[in-house]
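Scroll down for the structure; my scribbles are underneath it.
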Amino acid sequence: MPSPNGNILVTDDDPELRRVLRRTLDALGFEVAESANGEQALREVEAHPFNAVLLDVNMPGMGGIAACREIRRKAPRLQILMLSVRDQEMDKIEALDAGADDYITKPFSIPELAARLRSAVRRSTTAEPDLAIPIKIGDIELDPARRIVCKAGAALRLTPKEFDLLHYLMSRPGLPVAHVKLLRAVWGEDYGRELEYLRTFVHQLRKKLEDDPSSPEYLLTEPHFGYRFRAS
C-alpha cells in the first residue's frame, strides 16, 4: 500500500547511511526501499512505483550521474534528489543537467532532507493539465502538453526542472517574478532561500536558449528581485 507521505528509494553504497535514513524516514511516515548502487536503483525503479529517489553521486559501478540519466529516461515524472559531499557549482550543474530535480550536500540535516522529500512527493503527485496552450515568444516555442521546447524550429534538450522553470516564466511574459516565488512555484513551499541554486538553473537555461548567454534577450534578470521572460 502506498504511504501517505510518499514512497522513497534510498540509493547509497554506504550501508550504515542507508540504515539510518531508512529508520529515520520510516519514523517520519515515508515508505522506504534501499539500493546499494545505480544498477540496483534502475531495477527497483522498473519494478516498483516511487515518488522520489535519493541518489548518491559517488558509487562504485554505475555512478549517480549515469544512473540519474537512465532513471530520467525511464521515468520522466519521478523526482530525483542527488546526494553528494561535493558542493562546487560545476558538480551541481552536472547533476542538474543529467536530469536531477534537487541537489543535497552531505552532511545534511534530517529536517531539511524531510522537507525536500515532502516537496518532491507533492510535485510527483500533482497532476499535469490535460490540455495546455503552446506559448510562442520570439523564436522560442514551448508546448506544455508535450513538454517540448523549440528555438527557431529546432528542439532543445531541457531537464524536467529547466522545463518547469521556463514554463512558469513564459506563462507570465514581461512580468518580473521574485526569487522566492519562483523557487516555491517550481520546487515547492519548503524552498525560498536557495538563490545560488536558482541562479544555476537560470545559467543553464540561458546557455540553451540564448544566442549570447552573457547578454540574454529572453530570460532577463531583475536586479535584486528575480527574473522575467520577455513579453514578445
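If you're wondering about the labels, chains in the C-alpha cells are A, B, ... by order shown, residues count from 1 in each chain, ligands from 1 in order shown.
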Residue set, stretch 79-216 of chain A restricted to strand (DSSP E or B), as number ranges by chain: A: 79-84, 102-105, 135-137, 140-143, 148-151, 154-155, 177-178
Write out as a ChimeraX atom specification each polymer residue whose atoms come within 9 Å of A:Ala100, counting only C-alpha atoms; drop sequence neighbours fewer than 2 positions from it. /A:65,68-69,72,79-82,95-98,102-103,159-161
Based on the backbone DSSP call, show me all residues of stretch 30-199 of chain A assigned alpha helix (DSSP H), as a ChimeraX atom specification. /A:38-47,64-74,89-97,110-125,160-170,179-186,195-199
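Take atom CA of A:Asp14 and atom CA of A:Ala66: the distance between them is 18.4 Å.
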Please report, as a tab-separated table, each residue of stretch 189-215 of chain A lying at most 12 Å from stretch 135-141 of chain A, together with the nearest pair of atoms and the separation in Å rounded to one decimal; use only C-alpha atoms, and order rows by chain and ascending residue number.
residue	atom	partner	partner_atom	distance
A:Lys208	CA	A:Ile140	CA	10.8
A:Leu209	CA	A:Ile140	CA	7.7
A:Glu210	CA	A:Ile140	CA	9.7
A:Asp211	CA	A:Asp139	CA	11.0
A:Leu183 environment, 9 Å, only C-alpha atoms, sequence neighbours closer than 5 positions dropped, as number ranges by chain: A: 165, 178, 188-195, 198
Produce a table with one row for each residue of stretch 83-191 of chain A that has an atom at most 9 Å from any atom of stretch 54-58 of chain A, each row naming the nearest atom pair and its distance in Å at one decimal; use only C-alpha atoms; arrange rows by chain and rising residue number; format as JSON lines.
{"residue": "A:Leu83", "atom": "CA", "partner": "A:Asp56", "partner_atom": "CA", "distance": 4.5}
{"residue": "A:Ser84", "atom": "CA", "partner": "A:Val57", "partner_atom": "CA", "distance": 5.5}
{"residue": "A:Val85", "atom": "CA", "partner": "A:Val57", "partner_atom": "CA", "distance": 8.6}
{"residue": "A:Arg86", "atom": "CA", "partner": "A:Val57", "partner_atom": "CA", "distance": 8.9}
{"residue": "A:Ala95", "atom": "CA", "partner": "A:Val57", "partner_atom": "CA", "distance": 8.2}
{"residue": "A:Leu117", "atom": "CA", "partner": "A:Leu54", "partner_atom": "CA", "distance": 8.9}
For atom CA of A:Val177 and atom CA of A:Glu222, quote the distance in Å rounded to one decimal. 8.3 Å
So what do you get for atom CA of A:Glu44 versus atom CA of A:Arg23, distance-wise?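 Spanning atom CA of A:Glu44 to atom CA of A:Arg23 is a straight-line distance of 19.1 Å.
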Which residue gives the smallest distance to A:Asn7 among A:Val121, A:Ala41, A:Ala114, A:Leu175, with only C-alpha atoms counted?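 Closest residue, counting only C-alpha atoms: A:Val121.
Each of A:Gly6, A:Thr105, A:Met59, A:His179 was compared to A:Thr221 using only C-alpha atoms, and A:His179 turns out to be the nearest.
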Quick one: residues within 8 Å of stretch 213-218 of chain A, only C-alpha atoms, excluding same-chain residues fewer than 5 positions away - as a PyMOL selection string? chain A and resi 203+206-207+229-230
Writer output for current selection, C-alpha atoms, as an mmCIF file, in the first residue's frame:
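Contents of part.cif, as written:
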data_model
loop_
_atom_site.group_PDB
_atom_site.id
_atom_site.type_symbol
_atom_site.label_atom_id
_atom_site.label_comp_id
_atom_site.auth_asym_id
_atom_site.auth_seq_id
_atom_site.Cartn_x
_atom_site.Cartn_y
_atom_site.Cartn_z
ATOM 1 C CA HIS A 203 22.570 29.930 -16.124
ATOM 2 C CA ARG A 206 20.411 30.705 -20.871
ATOM 3 C CA LYS A 207 23.113 28.501 -22.399
ATOM 4 C CA PHE A 229 10.779 36.359 -19.643
ATOM 5 C CA ARG A 230 10.490 38.994 -22.341
#
Write out as number ranges by chain the residues lying within 7 Å of stretch 8-13 of chain A, counting only C-alpha atoms and excluding same-chain residues fewer than 2 positions away. A: 6, 15, 18, 30-37, 41, 50-56, 59
Selected residue, from A:Val186, A:Leu28, A:Val180, A:Leu17, that lies nearest to A:Glu162 when counting only C-alpha atoms: A:Val186
